Every structure is written in structure tokens, then in C-alpha cells.
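A.B. asks: Provided herewith is a single structure, encoded as C-alpha cells, for subsequent inquiry.
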Amino acid sequence: MKNTLLQFARAALFLSVVGTMGVGSTPALAAAPMVKTSAPAYHRLMLGAFEVTALSDGTVKLPVDKILMEPVEKTTAALSKSFLQAPLETSVNVYLINTGSKLILIDAGTGSLFGPSLGKLITNLKASGYEPGQIDDIYLTHLHPDHAGGLMLNNEIVFANANIHVDQAEADYWLSQKNMEQAPADAKGFFQGAMASVNPYKAANKLQTFARDGELLPGLTAYSSYGHTAGHTSYLIESQGQKLLLAGDLIHVAAVQLDKPEVSVTFDNHAKAAAATRQKIFTQAAKDGTLIGASHMQFPGLGHLKKTGSSYQWVPVNFTQMQ
């Protein structure tokens, strides 16, 4: 009984003090302003002895209902199943490989060619702990401006110490003045962007082309994946038996093309070839359990494929907290 009275007295004293302080009548503080920015966008994991860093160049809203080569209503329905709609906010991903002896970039983002929602590669590269001058080699999947545009900024070479590598057929096609002159008016910008991005490196003797599949560096192998462009290339990164296939633009809209890999996009140079290549490479990757890095899957664009009938399921990588 004594303890109960003591507890009651303490509670009464507390309430009396609180009332004296006027806590109950204190006005609410004003709401904090919304920040509306995200953290630096990079994601890191180990592949055997190699460090792999996925870097975001930003996102762009694509009218996927207009660029996918299928009826609009089918695209709309497929997007809706994934709680998405057109225009679809689409990632542009770049991959950095640290082999321990070389720092290798796969693709270079958009630079200043696509507006303020993109061109964030260098900011995120620096946030991840690296500088552009440290890059030894850049291997381009192809020369579309969202993959090569980041090589230049304000008419200056961004990666001063890097050699640029690209498939010979890709370089021959996009760096050809004749091809640009013969291209439709709405396609000339692709040629102009490729030339503006790559030719300064070529003039500095920093452009190197390859004309065959196979190992280009220890742990880095080129695989032709033509169709999207004349020399589109995927790169297999391998260390200590672990594999990562950096697939470039084999896929653009996961919500549609995983279920229907036969659907291509209007800016595939050869739509049927692009679809056939996607089927072939995805089937093999699903069979082998190879990790995939895709340029336009939702950032970080890293995951595995599981084949179910004629379609695929995307299994994103598990988040790893690296120390």
C-alpha cells in the first residue's frame, strides 16, 4: 500500500511539473520542406576477386508505348501489371570493374546530350570513391548517345587517361560521314552524337577497335550481340569462376520484354536479329545462372534470369553491405 501511494505521488508531481511547463499547449512546429533528392546512386558487390560498381547516369522518361513494336494496348496492359505506366522512367546504368590492376568502365553514359535528368555518371563515380582520370579502359557496348555521350563534356575529353574500345563494325557504321549523309533526318543525330563523342579520342590515338569475339583482357571477353546496332557487343566479366554478363541494350522494357522477348524497339537497327540475339543470350544466361548487368533495367540493373516456358523472370541481386 505504501509503495502504491508513493508511485501515485510521483505521478502527480510529474503531471504538475508538466502542466507548469506548458508542454501540452506548445504549438506544433512547421513541417520541414521536402528535400526531393536521392542519395548518390552507386551499388557495389564483389565478383570473385573483382570489385563491380554499378553507377547510375540518371533516368529518362521513355514513351515505351510508342517505341515498342507491338500494339499500344498490349504495352499498356503489361505495364499496368507491374504498376507502371507510359512514359516509363527508365534507368541508364554504367558498370565499373576494378580488377586490382585495371579500372575498366563499361559504357560512359549520356554526358550533356539528354538533359538534366541524366548525365550524372561523373558525380556518382566520384561519390563511389573514384575519379575519371583513374579509368584505364572504356569498353562500349555500342555508340548510341546514351552509352557514348559521356566521353565528352564541354568539348573536352572526360577520361584523359583511358583508351576507348568498340567493335570494328560499330565504329565503321556510326563514324562514317557517308552513312550519316544517307541516313533519314531523324537518325542523323545518332551519327553526330557518336562522332562528337568518339572522334576526339580517335584523334588522340585512344580509340582501339576489335573485330572478333574472345578475351580482350584477362577476365573480360567480348560477345557479339548484333541486332540493336551493327556492332552491339556484350561483355562477360569473370573472376574465380563467377560470371557477370554486361548485356547493354539487349532489353529496354522489362515489364514487356521479359514476358515477350520477341518484342523489339523501333531503334533496333535490325529488329528480328535483336529479338533472336536476346532469346539466345538470355536462354544461355538463365541456364548457366550467369549474373546479368543491363543498361536499362531499374538501377542497379543487376540480377539473374529464370526461364519459365517462353518467358523470363528477373531476380534482382540481394543487397550487400560492403565494409
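Labels for the C-alpha cells follow display order: chains A, B, ..., residues from 1 in each chain, ligands from 1.
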Mind checking DSSP for segment 95-287 of chain A and telling me the alpha helix (DSSP H) residues as a compact mmCIF listing (two decimals) with N, CA and C atoms, in the first residue's frame?

C.D. replies:
# COMPACT_ATOMS: atom_id res chain seq x y z
N LEU A 121 26.78 10.47 -64.31
CA LEU A 121 27.79 9.44 -64.12
C LEU A 121 28.98 9.94 -63.32
N ILE A 122 29.54 11.08 -63.69
CA ILE A 122 30.76 11.55 -63.03
C ILE A 122 30.51 11.86 -61.56
N THR A 123 29.37 12.48 -61.26
CA THR A 123 29.01 12.75 -59.86
C THR A 123 28.96 11.46 -59.06
N ASN A 124 28.34 10.43 -59.62
CA ASN A 124 28.20 9.17 -58.90
C ASN A 124 29.51 8.38 -58.89
N LEU A 125 30.32 8.52 -59.93
CA LEU A 125 31.64 7.89 -59.94
C LEU A 125 32.48 8.44 -58.80
N LYS A 126 32.49 9.76 -58.66
CA LYS A 126 33.27 10.38 -57.58
C LYS A 126 32.71 10.00 -56.21
N ALA A 127 31.39 9.96 -56.10
CA ALA A 127 30.78 9.57 -54.82
C ALA A 127 31.16 8.14 -54.45
N PRO A 145 24.02 7.53 -78.24
CA PRO A 145 24.46 8.64 -77.38
C PRO A 145 24.26 8.42 -75.89
N ASP A 146 23.36 7.53 -75.48
CA ASP A 146 23.19 7.28 -74.05
C ASP A 146 24.23 6.30 -73.51
N HIS A 147 25.12 5.84 -74.38
CA HIS A 147 26.20 4.95 -73.96
C HIS A 147 27.58 5.54 -74.21
N ALA A 148 27.67 6.47 -75.15
CA ALA A 148 28.96 7.06 -75.51
C ALA A 148 29.01 8.56 -75.24
N GLN A 168 34.67 -3.17 -84.29
CA GLN A 168 35.03 -2.51 -85.54
C GLN A 168 33.81 -2.17 -86.39
N ALA A 169 32.85 -3.10 -86.46
CA ALA A 169 31.65 -2.86 -87.26
C ALA A 169 30.84 -1.70 -86.72
N GLU A 170 30.84 -1.54 -85.41
CA GLU A 170 30.12 -0.44 -84.77
C GLU A 170 30.76 0.89 -85.13
N ALA A 171 32.10 0.94 -85.03
CA ALA A 171 32.82 2.16 -85.36
C ALA A 171 32.66 2.50 -86.84
N ASP A 172 32.77 1.50 -87.68
CA ASP A 172 32.66 1.73 -89.13
C ASP A 172 31.31 2.32 -89.50
N TYR A 173 30.27 1.88 -88.80
CA TYR A 173 28.91 2.33 -89.13
C TYR A 173 28.65 3.75 -88.64
N TRP A 174 28.89 4.01 -87.36
CA TRP A 174 28.47 5.27 -86.76
C TRP A 174 29.45 6.41 -86.99
N GLN A 177 30.91 9.35 -92.27
CA GLN A 177 30.24 10.55 -92.78
C GLN A 177 29.25 10.18 -93.87
N LYS A 178 29.61 9.22 -94.68
CA LYS A 178 28.73 8.79 -95.77
C LYS A 178 27.44 8.20 -95.22
N ASN A 179 27.55 7.35 -94.20
CA ASN A 179 26.36 6.76 -93.59
C ASN A 179 25.46 7.84 -92.99
N MET A 180 26.05 8.85 -92.37
CA MET A 180 25.25 9.92 -91.79
C MET A 180 24.51 10.70 -92.86
N GLU A 181 25.18 11.00 -93.95
CA GLU A 181 24.54 11.75 -95.03
C GLU A 181 23.39 10.97 -95.66
N GLN A 182 23.49 9.66 -95.68
CA GLN A 182 22.45 8.82 -96.29
C GLN A 182 21.33 8.47 -95.30
N LYS A 188 20.01 11.22 -88.07
CA LYS A 188 21.32 11.84 -88.22
C LYS A 188 21.94 12.20 -86.87
N GLY A 189 21.11 12.53 -85.90
CA GLY A 189 21.61 12.90 -84.59
C GLY A 189 22.40 11.77 -83.92
N PHE A 190 22.02 10.51 -84.20
CA PHE A 190 22.75 9.38 -83.64
C PHE A 190 24.20 9.37 -84.15
N PHE A 191 24.36 9.63 -85.44
CA PHE A 191 25.69 9.68 -86.04
C PHE A 191 26.49 10.87 -85.48
N GLN A 192 25.83 12.01 -85.41
CA GLN A 192 26.51 13.22 -84.92
C GLN A 192 26.97 13.03 -83.48
N GLY A 193 26.11 12.41 -82.66
CA GLY A 193 26.47 12.18 -81.27
C GLY A 193 27.65 11.23 -81.13
N ALA A 194 27.65 10.16 -81.94
CA ALA A 194 28.75 9.20 -81.90
C ALA A 194 30.06 9.85 -82.32
N MET A 195 30.00 10.63 -83.39
CA MET A 195 31.22 11.29 -83.88
C MET A 195 31.76 12.29 -82.88
N ALA A 196 30.88 13.11 -82.31
CA ALA A 196 31.32 14.12 -81.35
C ALA A 196 31.91 13.48 -80.10
N SER A 197 31.43 12.30 -79.74
CA SER A 197 31.88 11.64 -78.52
C SER A 197 33.17 10.86 -78.71
N VAL A 198 33.34 10.24 -79.86
CA VAL A 198 34.44 9.30 -80.06
C VAL A 198 35.61 9.88 -80.85
N ASN A 199 35.32 10.74 -81.82
CA ASN A 199 36.39 11.23 -82.70
C ASN A 199 37.52 11.95 -81.97
N PRO A 200 37.26 12.71 -80.90
CA PRO A 200 38.39 13.32 -80.18
C PRO A 200 39.35 12.28 -79.60
N TYR A 201 38.83 11.15 -79.14
CA TYR A 201 39.69 10.08 -78.65
C TYR A 201 40.46 9.44 -79.81
N LYS A 202 39.78 9.31 -80.93
CA LYS A 202 40.43 8.76 -82.13
C LYS A 202 41.58 9.66 -82.55
N ALA A 203 41.36 10.96 -82.54
CA ALA A 203 42.40 11.91 -82.92
C ALA A 203 43.59 11.85 -81.97
N ALA A 254 11.60 -4.13 -69.20
CA ALA A 254 11.48 -5.44 -68.56
C ALA A 254 10.04 -5.90 -68.44
N ALA A 255 9.13 -4.97 -68.12
CA ALA A 255 7.73 -5.34 -67.90
C ALA A 255 7.10 -5.97 -69.13
N VAL A 256 7.65 -5.70 -70.30
CA VAL A 256 7.13 -6.27 -71.54
C VAL A 256 8.04 -7.37 -72.08
N GLN A 257 9.34 -7.08 -72.17
CA GLN A 257 10.23 -7.97 -72.91
C GLN A 257 10.67 -9.21 -72.15
N ALA A 271 15.38 -5.41 -86.11
CA ALA A 271 14.50 -5.85 -85.03
C ALA A 271 14.50 -7.36 -84.85
N LYS A 272 14.42 -8.11 -85.94
CA LYS A 272 14.37 -9.57 -85.85
C LYS A 272 15.67 -10.12 -85.29
N ALA A 273 16.79 -9.56 -85.74
CA ALA A 273 18.08 -10.00 -85.24
C ALA A 273 18.23 -9.68 -83.77
N ALA A 274 17.75 -8.50 -83.35
CA ALA A 274 17.83 -8.11 -81.94
C ALA A 274 17.03 -9.07 -81.07
N ALA A 275 15.83 -9.44 -81.52
CA ALA A 275 14.99 -10.37 -80.76
C ALA A 275 15.63 -11.75 -80.68
N ALA A 276 16.21 -12.20 -81.78
CA ALA A 276 16.86 -13.52 -81.80
C ALA A 276 18.07 -13.54 -80.87
N THR A 277 18.84 -12.47 -80.88
CA THR A 277 20.01 -12.37 -80.01
C THR A 277 19.58 -12.37 -78.55
N ARG A 278 18.53 -11.62 -78.24
CA ARG A 278 18.02 -11.56 -76.86
C ARG A 278 17.62 -12.96 -76.40
N GLN A 279 16.88 -13.67 -77.24
CA GLN A 279 16.45 -15.02 -76.88
C GLN A 279 17.63 -15.93 -76.63
N LYS A 280 18.61 -15.88 -77.52
CA LYS A 280 19.77 -16.76 -77.43
C LYS A 280 20.58 -16.50 -76.17
N ILE A 281 20.90 -15.25 -75.93
CA ILE A 281 21.76 -14.90 -74.79
C ILE A 281 21.03 -15.08 -73.47
N PHE A 282 19.76 -14.70 -73.41
CA PHE A 282 19.01 -14.84 -72.17
C PHE A 282 18.79 -16.31 -71.83
N THR A 283 18.53 -17.13 -72.83
CA THR A 283 18.34 -18.57 -72.58
C THR A 283 19.60 -19.17 -71.98
N GLN A 284 20.75 -18.81 -72.55
CA GLN A 284 22.02 -19.35 -72.05
C GLN A 284 22.33 -18.82 -70.66
N ALA A 285 22.07 -17.53 -70.42
CA ALA A 285 22.35 -16.95 -69.11
C ALA A 285 21.47 -17.58 -68.03
N ALA A 286 20.21 -17.85 -68.37
CA ALA A 286 19.30 -18.49 -67.42
C ALA A 286 19.76 -19.92 -67.12
N LYS A 287 20.22 -20.58 -68.15
CA LYS A 287 20.69 -21.97 -67.98
C LYS A 287 21.93 -22.03 -67.11

A.B. asks: Based on the backbone DSSP call, show me all residues of segment 82-306 of chain A assigned strand (DSSP E or B), as number ranges by chain.

C.D. replies: A: 88-98, 103-106, 118, 137-139, 152-153, 156-157, 163-167, 207-210, 214-217, 220-224, 233-239, 242-248, 265, 291-294, 302-306

A.B. asks: Might you pull out every residue within 8 Å of segment 56-61 of chain A, with only C-alpha atoms counted and same-chain residues fewer than 6 positions away left off, and present them as a count of residues only?

C.D. replies: 20

A.B. asks: Excluding Val317 of chain A and its own-chain neighbours fewer than 6 positions away, which residues fall within 12 Å of it when counting only C-alpha atoms? Please give them as a count of residues only.

C.D. replies: 18

A.B. asks: Neighbouring residues of Ala77 of chain A were defined as those with any atom within 12 Å, considering only C-alpha atoms; residues of the same chain fewer than 5 positions away were excluded. Please report them as a PyMOL selection string.

C.D. replies: chain A and resi 65+70-72+82-86+255-256

A.B. asks: Using only C-alpha atoms, which of A:Thr76, A:Thr99, A:Tyr130, A:Ile67 sits nearest Ser239 of chain A?

C.D. replies: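 The answer is A:Thr99, which sits nearest to Ser239 of chain A.
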
A.B. asks: Counting only C-alpha atoms, which residue out of A:Leu140, A:Ser112, A:Ile106, A:Val35 sits closest to Glu156 of chain A?

C.D. replies: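 Ranking A:Leu140, A:Ser112, A:Ile106, A:Val35 by distance to Glu156 of chain A, first place goes to A:Ser112.
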
A.B. asks: Between A:Leu143, A:Asp136, A:Ser176, A:Thr75, which has the minimum distance to Ala160 of chain A (counting only C-alpha atoms)?

C.D. replies: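 Among the listed residues, A:Asp136 lies closest to Ala160 of chain A.
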
A.B. asks: Measuring between only C-alpha atoms, which one of A:Asn205, A:Ser101, A:Thr221, A:Ser80 shows the shortest distance to Tyr139 of chain A?

C.D. replies: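 Closest to Tyr139 of chain A, using only C-alpha atoms: A:Thr221.
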
A.B. asks: Give me, please, the distance in Å between atom CA of Ile104 of chain A and atom CA of Phe50 of chain A, quoted to one decimal.

C.D. replies: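 One can read the atom CA of Ile104 of chain A to atom CA of Phe50 of chain A distance as 10.8 Å.
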
A.B. asks: With distances taken over only C-alpha atoms, which residue among A:Asp213, A:Asp137, A:Glu238, A:Asp288 lies nearest Gly48 of chain A?

C.D. replies: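 That would be A:Glu238, the residue with the smallest distance to Gly48 of chain A.
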
A.B. asks: Applying 8 Å and only C-alpha atoms, which residues near Met69 of chain A remain after dropping the ones on its own chain fewer than 2 positions away? List them as a PyMOL selection string.

C.D. replies: chain A and resi 66-67+71+263-266

A.B. asks: Using only N, CA, C and O atoms, please write the residues we just selected to a file, as a PDB file, in the first residue's frame.

C.D. replies:
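Dumped everything to result-v9.pdb:
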ATOM      1  N   LYS A  66       5.103   3.844 -77.473  1.00  0.00           N
ATOM      2  CA  LYS A  66       5.298   4.222 -78.873  1.00  0.00           C
ATOM      3  C   LYS A  66       6.522   3.571 -79.492  1.00  0.00           C
ATOM      4  O   LYS A  66       6.590   3.398 -80.710  1.00  0.00           O
ATOM      5  N   ILE A  67       7.518   3.202 -78.682  1.00  0.00           N
ATOM      6  CA  ILE A  67       8.746   2.656 -79.257  1.00  0.00           C
ATOM      7  C   ILE A  67       8.778   1.128 -79.280  1.00  0.00           C
ATOM      8  O   ILE A  67       9.579   0.547 -80.026  1.00  0.00           O
ATOM      9  N   PRO A  71       1.197  -3.635 -80.395  1.00  0.00           N
ATOM     10  CA  PRO A  71       0.069  -2.721 -80.213  1.00  0.00           C
ATOM     11  C   PRO A  71       0.132  -1.987 -78.876  1.00  0.00           C
ATOM     12  O   PRO A  71       0.507  -2.569 -77.851  1.00  0.00           O
ATOM     13  N   VAL A 263       9.499  -9.133 -78.665  1.00  0.00           N
ATOM     14  CA  VAL A 263       9.140  -7.735 -78.934  1.00  0.00           C
ATOM     15  C   VAL A 263      10.402  -6.870 -78.932  1.00  0.00           C
ATOM     16  O   VAL A 263      11.155  -6.852 -77.955  1.00  0.00           O
ATOM     17  N   SER A 264      10.615  -6.154 -80.006  1.00  0.00           N
ATOM     18  CA  SER A 264      11.771  -5.274 -80.120  1.00  0.00           C
ATOM     19  C   SER A 264      11.338  -3.813 -80.027  1.00  0.00           C
ATOM     20  O   SER A 264      10.153  -3.505 -79.861  1.00  0.00           O
ATOM     21  N   VAL A 265      12.312  -2.900 -80.131  1.00  0.00           N
ATOM     22  CA  VAL A 265      12.035  -1.469 -80.084  1.00  0.00           C
ATOM     23  C   VAL A 265      12.362  -0.840 -81.434  1.00  0.00           C
ATOM     24  O   VAL A 265      13.155  -1.373 -82.209  1.00  0.00           O
ATOM     25  N   THR A 266      11.763   0.304 -81.687  1.00  0.00           N
ATOM     26  CA  THR A 266      11.886   0.919 -83.011  1.00  0.00           C
ATOM     27  C   THR A 266      13.305   1.339 -83.337  1.00  0.00           C
ATOM     28  O   THR A 266      13.660   1.444 -84.511  1.00  0.00           O
TER      29      THR A 266
END
